>>> print(open('query-v7.cif').read())   # mmCIF, C-alpha atoms
data_structure
#
loop_
_atom_site.label_atom_id
_atom_site.label_comp_id
_atom_site.auth_asym_id
_atom_site.auth_seq_id
_atom_site.Cartn_x
_atom_site.Cartn_y
_atom_site.Cartn_z
CA MET A 1 21.39 172.25 -148.95
CA THR A 2 18.95 172.59 -151.83
CA ALA A 3 15.28 172.29 -150.91
CA PRO A 4 13.47 169.46 -152.68
CA ALA A 5 11.39 170.50 -155.66
CA GLN A 6 7.74 170.93 -154.85
CA PRO A 7 5.33 168.77 -156.88
CA PRO A 8 2.98 170.70 -159.16
CA ALA A 9 -0.35 171.63 -157.61
CA THR A 10 -3.23 169.32 -158.50
CA PRO A 11 -5.89 171.16 -160.53
CA ASP A 12 -9.18 171.64 -158.73
CA LEU A 13 -11.87 170.58 -161.19
CA LEU A 14 -14.78 170.72 -158.73
CA TYR A 15 -17.15 173.62 -158.16
CA SER A 16 -17.12 175.46 -154.85
CA GLN A 17 -20.31 176.43 -153.04
CA ASP A 18 -19.74 180.07 -154.00
CA GLU A 19 -19.48 179.06 -157.64
CA GLU A 20 -22.70 177.06 -157.43
CA ASP A 21 -24.45 180.02 -155.80
CA LEU A 22 -23.22 182.24 -158.62
CA ARG A 23 -24.46 179.69 -161.15
CA SER A 24 -27.92 179.68 -159.55
CA ALA A 25 -28.15 183.46 -159.68
CA VAL A 26 -27.04 183.69 -163.31
CA ARG A 27 -29.27 180.80 -164.40
CA ALA A 28 -32.32 182.33 -162.73
CA LEU A 29 -31.66 185.68 -164.40
CA LEU A 30 -31.21 184.12 -167.84
CA ALA A 31 -34.30 181.93 -167.45
CA ASP A 32 -36.30 185.08 -166.73
CA ARG A 33 -34.73 187.44 -169.26
CA ALA A 34 -33.18 185.27 -171.99
CA ASP A 35 -35.42 182.26 -172.62
CA ALA A 36 -35.55 180.73 -176.10
CA PRO A 37 -38.39 182.87 -177.56
CA THR A 38 -36.71 186.03 -176.27
CA VAL A 39 -33.34 185.12 -177.78
CA ILE A 40 -34.89 184.16 -181.12
CA ALA A 41 -36.79 187.46 -181.21
CA ALA A 42 -33.58 189.34 -180.39
CA THR A 43 -31.74 187.76 -183.31
CA GLU A 44 -34.46 189.03 -185.63
CA SER A 45 -34.05 192.60 -184.40
CA ASP A 46 -31.40 195.24 -185.04
CA THR A 47 -30.37 195.23 -181.37
CA PRO A 48 -29.70 191.68 -180.17
CA TYR A 49 -28.35 192.88 -176.82
CA ASP A 50 -30.78 193.66 -174.03
CA PRO A 51 -29.37 196.59 -172.02
CA GLN A 52 -31.47 195.66 -168.97
CA LEU A 53 -30.20 192.08 -169.06
CA TRP A 54 -26.62 193.33 -169.25
CA SER A 55 -27.24 195.77 -166.42
CA SER A 56 -28.58 192.98 -164.21
CA LEU A 57 -25.85 190.50 -165.12
CA ALA A 58 -22.95 192.93 -164.98
CA GLY A 59 -24.06 195.28 -162.23
CA ASP A 60 -26.62 193.60 -159.99
CA ILE A 61 -24.94 190.18 -159.97
CA GLY A 62 -21.48 191.71 -160.38
CA ALA A 63 -20.37 189.30 -163.11
CA ALA A 64 -18.59 191.95 -165.17
CA GLY A 65 -16.05 192.63 -162.43
CA LEU A 66 -15.17 189.08 -161.44
CA LEU A 67 -11.64 189.29 -162.84
CA VAL A 68 -11.01 192.85 -161.61
CA PRO A 69 -9.35 193.34 -158.18
CA GLU A 70 -11.42 195.03 -155.51
CA LYS A 71 -9.04 198.00 -155.34
CA LEU A 72 -9.92 198.76 -158.97
CA GLY A 73 -13.67 198.44 -158.39
CA GLY A 74 -14.18 194.75 -159.19
CA GLN A 75 -15.16 191.63 -157.29
CA GLY A 76 -11.66 190.24 -156.88
CA ALA A 77 -12.70 186.73 -157.95
CA SER A 78 -11.00 184.57 -160.58
CA HIS A 79 -11.32 182.83 -163.92
CA ARG A 80 -13.09 179.95 -162.19
CA GLU A 81 -16.09 182.14 -161.36
CA ALA A 82 -16.03 183.77 -164.79
CA ALA A 83 -16.05 180.28 -166.31
CA VAL A 84 -19.26 179.47 -164.41
CA VAL A 85 -20.92 182.58 -165.86
CA LEU A 86 -19.86 181.55 -169.35
CA GLU A 87 -21.19 178.03 -168.84
CA GLU A 88 -24.61 179.52 -168.13
CA LEU A 89 -24.38 181.97 -171.03
CA GLY A 90 -23.53 179.04 -173.28
CA ARG A 91 -26.43 177.07 -171.86
CA SER A 92 -28.85 179.84 -172.84
CA VAL A 93 -26.93 181.28 -175.85
CA ALA A 94 -27.90 184.67 -174.45
CA PRO A 95 -26.65 187.65 -176.47
CA ALA A 96 -24.32 189.43 -174.07
CA PRO A 97 -20.83 190.94 -174.52
CA TYR A 98 -19.46 189.09 -171.51
CA LEU A 99 -16.69 187.09 -173.17
CA THR A 100 -15.39 190.01 -175.19
CA SER A 101 -15.66 192.79 -172.61
CA SER A 102 -15.52 191.17 -169.17
CA VAL A 103 -12.91 188.56 -170.11
CA VAL A 104 -10.77 189.43 -173.15
CA ALA A 105 -10.74 193.23 -172.90
CA THR A 106 -10.58 193.16 -169.11
CA GLU A 107 -7.73 190.62 -169.04
CA THR A 108 -5.83 192.68 -171.63
CA LEU A 109 -6.10 195.79 -169.47
CA LEU A 110 -5.16 193.88 -166.33
CA ALA A 111 -2.00 192.64 -168.04
CA LEU A 112 -0.84 196.25 -168.39
CA GLY A 113 -0.39 196.31 -164.61
CA ALA A 114 -1.64 199.87 -164.21
CA GLU A 115 -3.03 200.86 -160.81
CA ASP A 116 -3.96 204.36 -161.90
CA GLY A 117 -4.33 206.32 -165.11
CA PRO A 118 -6.66 205.69 -168.07
CA ALA A 119 -6.28 201.88 -168.09
CA ALA A 120 -7.22 201.58 -164.41
CA ALA A 121 -10.12 203.99 -164.85
CA LEU A 122 -11.43 202.00 -167.80
CA LEU A 123 -11.16 198.78 -165.80
CA GLY A 124 -13.35 200.27 -163.10
CA GLU A 125 -15.99 201.21 -165.69
CA LEU A 126 -15.90 197.75 -167.24
CA ALA A 127 -16.16 196.11 -163.80
CA SER A 128 -19.31 198.04 -162.98
CA GLY A 129 -20.90 197.22 -166.32
CA ALA A 130 -21.33 200.91 -167.07
CA ARG A 131 -19.27 200.52 -170.25
CA THR A 132 -18.11 197.71 -172.49
CA ALA A 133 -14.93 197.31 -174.50
CA VAL A 134 -13.66 194.95 -177.19
CA LEU A 135 -10.22 194.07 -178.42
CA ALA A 136 -10.11 195.16 -182.05
CA VAL A 137 -8.70 191.97 -183.57
CA PRO A 138 -10.49 189.36 -185.71
CA PHE A 139 -12.54 186.93 -183.62
CA ALA A 140 -10.59 184.03 -185.13
CA THR A 141 -7.22 185.27 -183.83
CA PRO A 142 -5.55 182.57 -181.69
CA PRO A 143 -3.39 183.51 -178.70
CA ALA A 144 -0.28 182.64 -180.70
CA GLY A 145 -1.39 185.05 -183.43
CA ALA A 146 -1.55 188.10 -181.19
CA ASP A 147 1.29 189.75 -183.11
CA ALA A 148 -1.06 190.39 -186.03
CA THR A 149 -1.45 194.12 -185.43
CA LEU A 150 -2.24 197.17 -187.47
CA ALA A 151 0.79 198.87 -188.94
CA ALA A 152 -0.53 202.24 -187.76
CA PRO A 153 -3.51 203.60 -185.83
CA GLU A 154 -5.41 203.63 -189.14
CA GLY A 155 -6.87 200.84 -191.22
CA THR A 156 -9.65 198.24 -191.21
CA VAL A 157 -10.02 195.17 -189.02
CA ARG A 158 -12.68 192.70 -190.10
CA GLY A 159 -14.52 190.19 -187.98
CA VAL A 160 -14.39 192.09 -184.69
CA VAL A 161 -16.97 190.54 -182.41
CA ASP A 162 -19.35 192.77 -180.40
CA ALA A 163 -17.80 195.92 -181.89
CA ALA A 164 -21.23 197.35 -182.72
CA ALA A 165 -22.24 197.32 -179.05
CA ALA A 166 -18.91 198.41 -177.55
CA ASP A 167 -18.24 201.79 -175.98
CA VAL A 168 -14.45 201.51 -176.27
CA LEU A 169 -12.17 199.78 -178.77
CA LEU A 170 -8.80 198.49 -177.62
CA VAL A 171 -6.67 198.80 -180.74
CA PRO A 172 -3.27 197.06 -180.84
CA THR A 173 -0.88 198.81 -183.22
CA ALA A 174 2.82 198.88 -183.96
CA GLU A 175 2.98 201.93 -181.69
CA GLY A 176 1.25 200.29 -178.73
CA LEU A 177 -2.25 199.66 -177.42
CA TYR A 178 -4.76 202.47 -177.86
CA ALA A 179 -8.16 202.98 -176.24
CA VAL A 180 -10.46 204.56 -178.82
CA GLU A 181 -13.98 205.76 -178.14
CA ALA A 182 -16.44 204.01 -180.44
CA THR A 183 -18.24 207.33 -180.96
CA ASP A 184 -15.10 209.05 -182.27
CA PRO A 185 -15.68 210.58 -185.74
CA GLY A 186 -12.69 208.64 -187.01
CA VAL A 187 -14.28 205.28 -186.15
CA ALA A 188 -16.61 203.48 -188.56
CA VAL A 189 -18.21 200.22 -187.46
CA SER A 190 -19.83 198.31 -190.33
CA PRO A 191 -21.95 195.30 -189.29
CA LEU A 192 -21.24 192.00 -191.03
CA VAL A 193 -23.63 189.08 -191.48
CA PRO A 194 -22.50 186.41 -189.00
CA LEU A 195 -23.42 182.75 -188.82
CA ASP A 196 -24.21 183.19 -185.12
CA LEU A 197 -26.80 185.96 -184.90
CA THR A 198 -26.47 186.08 -181.10
CA ARG A 199 -22.88 187.36 -181.38
CA PRO A 200 -22.64 190.17 -183.97
CA LEU A 201 -19.50 190.76 -186.04
CA ALA A 202 -18.37 194.01 -187.62
CA ALA A 203 -15.59 195.58 -189.63
CA VAL A 204 -13.88 198.42 -187.76
CA THR A 205 -12.28 201.18 -189.84
CA LEU A 206 -10.09 203.82 -188.20
CA THR A 207 -9.30 207.03 -190.06
CA GLY A 208 -7.53 209.53 -187.85
CA ALA A 209 -9.36 208.54 -184.68
CA ALA A 210 -8.09 210.14 -181.49
CA GLY A 211 -7.08 207.37 -179.11
CA THR A 212 -5.38 207.21 -175.72
CA LEU A 213 -2.09 205.32 -175.73
CA LEU A 214 -2.20 202.81 -172.87
CA ALA A 215 1.12 201.00 -173.21
CA ASP A 216 4.25 200.62 -175.31
CA PRO A 217 4.47 197.98 -178.08
CA ASP A 218 6.18 195.25 -176.04
CA THR A 219 3.83 195.56 -173.07
CA SER A 220 0.86 195.75 -175.43
CA ALA A 221 1.85 192.58 -177.29
CA THR A 222 2.14 190.66 -174.02
CA ALA A 223 -1.20 192.03 -172.82
CA VAL A 224 -3.00 191.11 -176.03
CA ARG A 225 -1.63 187.56 -175.87
CA ARG A 226 -2.83 187.28 -172.28
CA GLY A 227 -6.27 188.58 -173.21
CA LEU A 228 -6.64 186.14 -176.09
CA LEU A 229 -5.38 183.27 -173.94
CA ALA A 230 -8.02 184.00 -171.30
CA GLY A 231 -10.65 184.31 -174.02
CA ALA A 232 -9.74 180.96 -175.57
CA GLY A 233 -9.55 179.26 -172.18
CA LEU A 234 -12.91 180.48 -170.93
CA LEU A 235 -14.57 179.99 -174.31
CA ALA A 236 -14.20 176.29 -173.53
CA SER A 237 -16.61 176.81 -170.62
CA GLU A 238 -19.14 178.40 -172.94
CA GLN A 239 -18.76 175.44 -175.29
CA LEU A 240 -19.31 173.15 -172.31
CA GLY A 241 -22.56 174.96 -171.50
CA ILE A 242 -23.72 174.57 -175.11
CA ALA A 243 -22.98 170.84 -175.08
CA GLU A 244 -24.66 170.28 -171.70
CA TRP A 245 -27.87 172.01 -172.81
CA CYS A 246 -27.95 170.07 -176.07
CA LEU A 247 -27.48 166.74 -174.29
CA THR A 248 -30.03 167.50 -171.57
CA GLU A 249 -32.62 168.73 -174.05
CA THR A 250 -32.08 165.78 -176.38
CA VAL A 251 -32.48 163.24 -173.57
CA ARG A 252 -35.65 165.00 -172.40
CA TYR A 253 -37.16 165.09 -175.87
CA THR A 254 -36.36 161.48 -176.77
CA ARG A 255 -37.86 160.36 -173.46
CA GLU A 256 -41.14 162.15 -174.24
CA ARG A 257 -41.37 161.53 -177.99
CA HIS A 258 -43.06 158.20 -178.77
CA GLN A 259 -42.90 156.08 -181.87
CA PHE A 260 -44.23 152.53 -182.29
CA ASN A 261 -45.82 153.00 -178.87
CA ARG A 262 -42.51 153.47 -177.05
CA PRO A 263 -40.19 156.42 -176.28
CA VAL A 264 -37.75 156.93 -179.15
CA GLY A 265 -34.97 157.27 -176.58
CA SER A 266 -35.46 153.62 -175.67
CA PHE A 267 -34.15 152.43 -179.05
CA GLN A 268 -30.69 150.99 -178.60
CA SER A 269 -29.01 152.94 -181.39
CA LEU A 270 -30.13 156.25 -179.87
CA LYS A 271 -29.10 155.12 -176.40
CA HIS A 272 -25.58 154.48 -177.70
CA ARG A 273 -25.38 157.86 -179.36
CA MET A 274 -26.49 159.72 -176.27
CA ALA A 275 -24.21 157.67 -174.03
CA GLN A 276 -21.27 158.52 -176.26
CA LEU A 277 -22.25 162.18 -176.13
CA TRP A 278 -22.46 162.03 -172.33
CA LEU A 279 -18.89 160.70 -172.18
CA GLU A 280 -17.71 163.53 -174.42
CA VAL A 281 -19.47 166.16 -172.30
CA VAL A 282 -17.94 164.79 -169.09
CA SER A 283 -14.49 164.91 -170.67
CA ALA A 284 -15.15 168.43 -171.96
CA ARG A 285 -16.08 169.53 -168.43
CA ALA A 286 -12.74 168.26 -167.11
CA ALA A 287 -10.81 170.02 -169.87
CA ALA A 288 -12.70 173.31 -169.47
CA ARG A 289 -12.39 173.31 -165.68
CA ASN A 290 -8.68 172.53 -165.94
CA ALA A 291 -8.17 175.52 -168.24
CA ALA A 292 -10.14 177.83 -165.94
CA ASP A 293 -8.22 176.62 -162.89
CA ALA A 294 -4.86 177.03 -164.65
CA LEU A 295 -5.74 180.60 -165.60
CA ALA A 296 -7.01 181.35 -162.09
CA THR A 297 -3.85 180.06 -160.43
CA HIS A 298 -1.52 181.63 -163.04
CA SER A 299 -0.09 178.20 -163.69
CA PRO A 300 2.90 178.04 -166.05
CA ASP A 301 0.99 175.26 -167.80
CA ALA A 302 -1.95 177.56 -168.57
CA PRO A 303 -1.15 177.84 -172.32
CA LEU A 304 -1.08 174.06 -172.60
CA ALA A 305 -4.28 173.65 -170.56
CA VAL A 306 -6.04 176.22 -172.74
CA ALA A 307 -4.84 174.60 -175.95
CA VAL A 308 -6.02 171.17 -174.79
CA ALA A 309 -9.41 172.55 -173.74
CA GLN A 310 -9.99 174.32 -177.05
CA ALA A 311 -8.73 171.41 -179.13
CA TYR A 312 -11.34 169.17 -177.48
CA CYS A 313 -14.29 171.30 -176.36
CA SER A 314 -14.98 172.96 -179.70
CA GLY A 315 -15.58 169.61 -181.37
CA VAL A 316 -17.76 168.36 -178.51
CA ALA A 317 -19.99 171.44 -178.68
CA VAL A 318 -20.48 171.06 -182.43
CA HIS A 319 -21.17 167.31 -182.13
CA ALA A 320 -23.68 167.85 -179.31
CA ALA A 321 -25.51 170.55 -181.27
CA GLU A 322 -25.61 168.43 -184.42
CA GLU A 323 -27.01 165.47 -182.48
CA CYS A 324 -29.56 167.76 -180.83
CA VAL A 325 -30.84 168.96 -184.20
CA GLN A 326 -30.93 165.48 -185.74
CA LEU A 327 -32.46 163.61 -182.81
CA HIS A 328 -35.22 166.20 -182.52
CA GLY A 329 -36.32 165.14 -186.00
CA GLY A 330 -38.39 167.61 -188.00
CA ILE A 331 -38.95 170.00 -185.11
CA GLY A 332 -35.19 170.44 -184.72
CA MET A 333 -35.05 171.93 -188.22
CA THR A 334 -37.57 174.68 -187.50
CA TRP A 335 -36.76 178.30 -186.74
CA GLU A 336 -39.07 178.27 -183.73
CA HIS A 337 -37.04 175.60 -181.90
CA PRO A 338 -33.81 176.96 -180.36
CA ALA A 339 -31.63 174.04 -181.53
CA HIS A 340 -30.37 176.05 -184.50
CA LEU A 341 -29.12 178.78 -182.15
CA TYR A 342 -26.91 176.27 -180.37
CA LEU A 343 -25.60 174.77 -183.59
CA LYS A 344 -24.70 178.19 -184.98
CA ARG A 345 -23.08 179.30 -181.71
CA ALA A 346 -21.09 176.04 -181.55
CA LYS A 347 -19.96 176.38 -185.16
CA ALA A 348 -18.93 180.02 -184.68
CA ASP A 349 -17.14 179.21 -181.43
CA SER A 350 -15.20 176.41 -183.13
CA ILE A 351 -13.13 178.96 -185.04
CA ALA A 352 -13.07 181.69 -182.36
CA TYR A 353 -9.65 182.43 -180.84
CA GLY A 354 -8.16 179.74 -183.05
CA THR A 355 -9.44 176.55 -184.64
CA ALA A 356 -9.14 173.14 -182.99
CA GLY A 357 -6.37 172.38 -185.47
CA SER A 358 -4.33 175.41 -184.46
CA HIS A 359 -4.73 174.48 -180.81
CA ARG A 360 -3.64 170.90 -181.50
CA GLN A 361 -0.56 172.35 -183.14
CA ALA A 362 -0.01 174.46 -180.02
CA VAL A 363 -0.33 171.35 -177.84
CA ALA A 364 2.32 169.61 -179.91
CA GLU A 365 4.66 172.58 -179.64
CA LEU A 366 4.10 173.19 -175.93
CA ALA A 367 4.41 169.51 -175.05
CA GLU A 368 7.33 169.11 -177.46
CA LEU A 369 5.58 166.33 -179.32
CA PRO A 370 5.64 165.58 -183.07
CA ALA A 371 3.06 167.70 -184.89
CA PRO A 372 -0.15 165.79 -185.72
#
>>> encode(input="query-v7.cif", output="structure tokens")
Amino acid sequence: MTAPAQPPATPDLLYSQDEEDLRSAVRALLADRADAPTVIAATESDTPYDPQLWSSLAGDIGAAGLLVPEKLGGQGASHREAAVVLEELGRSVAPAPYLTSSVVATETLLALGAEDGPAAALLGELASGARTAVLAVPFATPPAGADATLAAPEGTVRGVVDAAAADVLLVPTAEGLYAVEATDPGVAVSPLVPLDLTRPLAAVTLTGAAGTLLADPDTSATAVRRGLLAGAGLLASEQLGIAEWCLTETVRYTRERHQFNRPVGSFQSLKHRMAQLWLEVVSARAAARNAADALATHSPDAPLAVAVAQAYCSGVAVHAAEECVQLHGGIGMTWEHPAHLYLKRAKADSIAYGTAGSHRQAVAELAELPAP
């Protein structure tokens, strides 16, 4: 007799107490080490990343190893906890290579399934925060575009995020996935001018660099797709953090700013705009949490959940940041106010790991619906 089919598990969109405790720790650290004046000053320097901040976030709090099993030196947590960290990083727009190293590169290495050897050793170093790694593909590469590889272990890849701060480059080629030391004489990292100064971009040129082959082409292609899928899914949590900060700050400012002897936030037209934004942020939270939960539980619907989250959350983050700038009036246009940091991060994130349009197309394909 055939057992009845089990109904699909209901996604858990709520935050556990452990996740809230993690949030409190990360938020306190960022409030102390990455407040608005500090971040603005960092974007004006040649080194936007604060090594001490990264050491505290990655090592002291243990955020860098959340996705890494304990037997490999990590925390043995899940994408849900990593999503909470990214929410807080989005809320502060702190310059930190968390998404690229602790999520995308780490998830790519985990997908190789190695329990020893160079991949496992590198995972342990990433989990401790002692080193960082980036996947050497353009930041705009969607999960479905993971097959865009170099024809050989030589060439130039443009738009690689956080490459200038990385210790190791994970280079997907037609021959497989290579781990290349960023200090190798055959590696040239040329900084580009990004829109979002808190997340540097660079062009990576390889000319005879000596790399360590980690996996064969088929395994590498699967691993890269998994890394980009995790990146796109958890990027939605960063976008959620951006939108939440923008809404909270806008409500606070319009409550305090007076015009015609009354708070500007009391005008009906502004009330409607902020109420609409609140509804969008609440919906974005549900979409982002659903994507994180699907990744954490290895749900077969994870690609669809990620596509839905990215198709929605990227637009919400941009809208929230635009409203934040506009409703702050003249002060929102100044360099000293952090609103521009959130707008630039939201705009840059909207094309990272695929545009909203490409994710809507993925939703249509995965759900077998007519293309929009």
>>> resolve_selection(input="query-v7.cif", expression="the PyMOL selection byres ((chain A and resi 157-161) around 6)", output="list of chain:residue names")
A:Ala136, A:Val137, A:Pro138, A:Phe139, A:Thr156, A:Asp162, A:Ala163, A:Pro200, A:Leu201, A:Ala202, A:Ala203, A:Val204
>>> write_last_selection(input="query-v7.cif", atoms="C-alpha atoms", output="PDB file, in the coordinates of the input")
ATOM      1  CA  ALA A 136     -10.110 195.160-182.050  1.00  0.00           C
ATOM      2  CA  VAL A 137      -8.700 191.970-183.570  1.00  0.00           C
ATOM      3  CA  PRO A 138     -10.490 189.360-185.710  1.00  0.00           C
ATOM      4  CA  PHE A 139     -12.540 186.930-183.620  1.00  0.00           C
ATOM      5  CA  THR A 156      -9.650 198.240-191.210  1.00  0.00           C
ATOM      6  CA  ASP A 162     -19.350 192.770-180.400  1.00  0.00           C
ATOM      7  CA  ALA A 163     -17.800 195.920-181.890  1.00  0.00           C
ATOM      8  CA  PRO A 200     -22.640 190.170-183.970  1.00  0.00           C
ATOM      9  CA  LEU A 201     -19.500 190.760-186.040  1.00  0.00           C
ATOM     10  CA  ALA A 202     -18.370 194.010-187.620  1.00  0.00           C
ATOM     11  CA  ALA A 203     -15.590 195.580-189.630  1.00  0.00           C
ATOM     12  CA  VAL A 204     -13.880 198.420-187.760  1.00  0.00           C
TER      13      VAL A 204
END
>>> residues_around(input="query-v7.cif", residues="A:Ala127", least_positions_apart="5", cutoff="12 Å", atoms="only C-alpha atoms", output="count of residues only")
36
>>> residues_around(input="query-v7.cif", residues="stretch 284-287 of chain A", least_positions_apart="2", cutoff="12 Å", atoms="only C-alpha atoms", output="MDAnalysis selection string")
chainID A and resid 11:15 83:84 87 233:244 277:282 289:294 302 304:317 319:320
>>> closest_residue(input="query-v7.cif", among="A:His328, A:Ala364, A:Val104, A:Leu169", to="A:His340", atoms="all atoms listed in the file")
A:His328
>>> closest_residue(input="query-v7.cif", among="A:Leu135, A:Pro263, A:Pro303, A:Ala321", to="A:Ala367", atoms="only C-alpha atoms")
A:Pro303
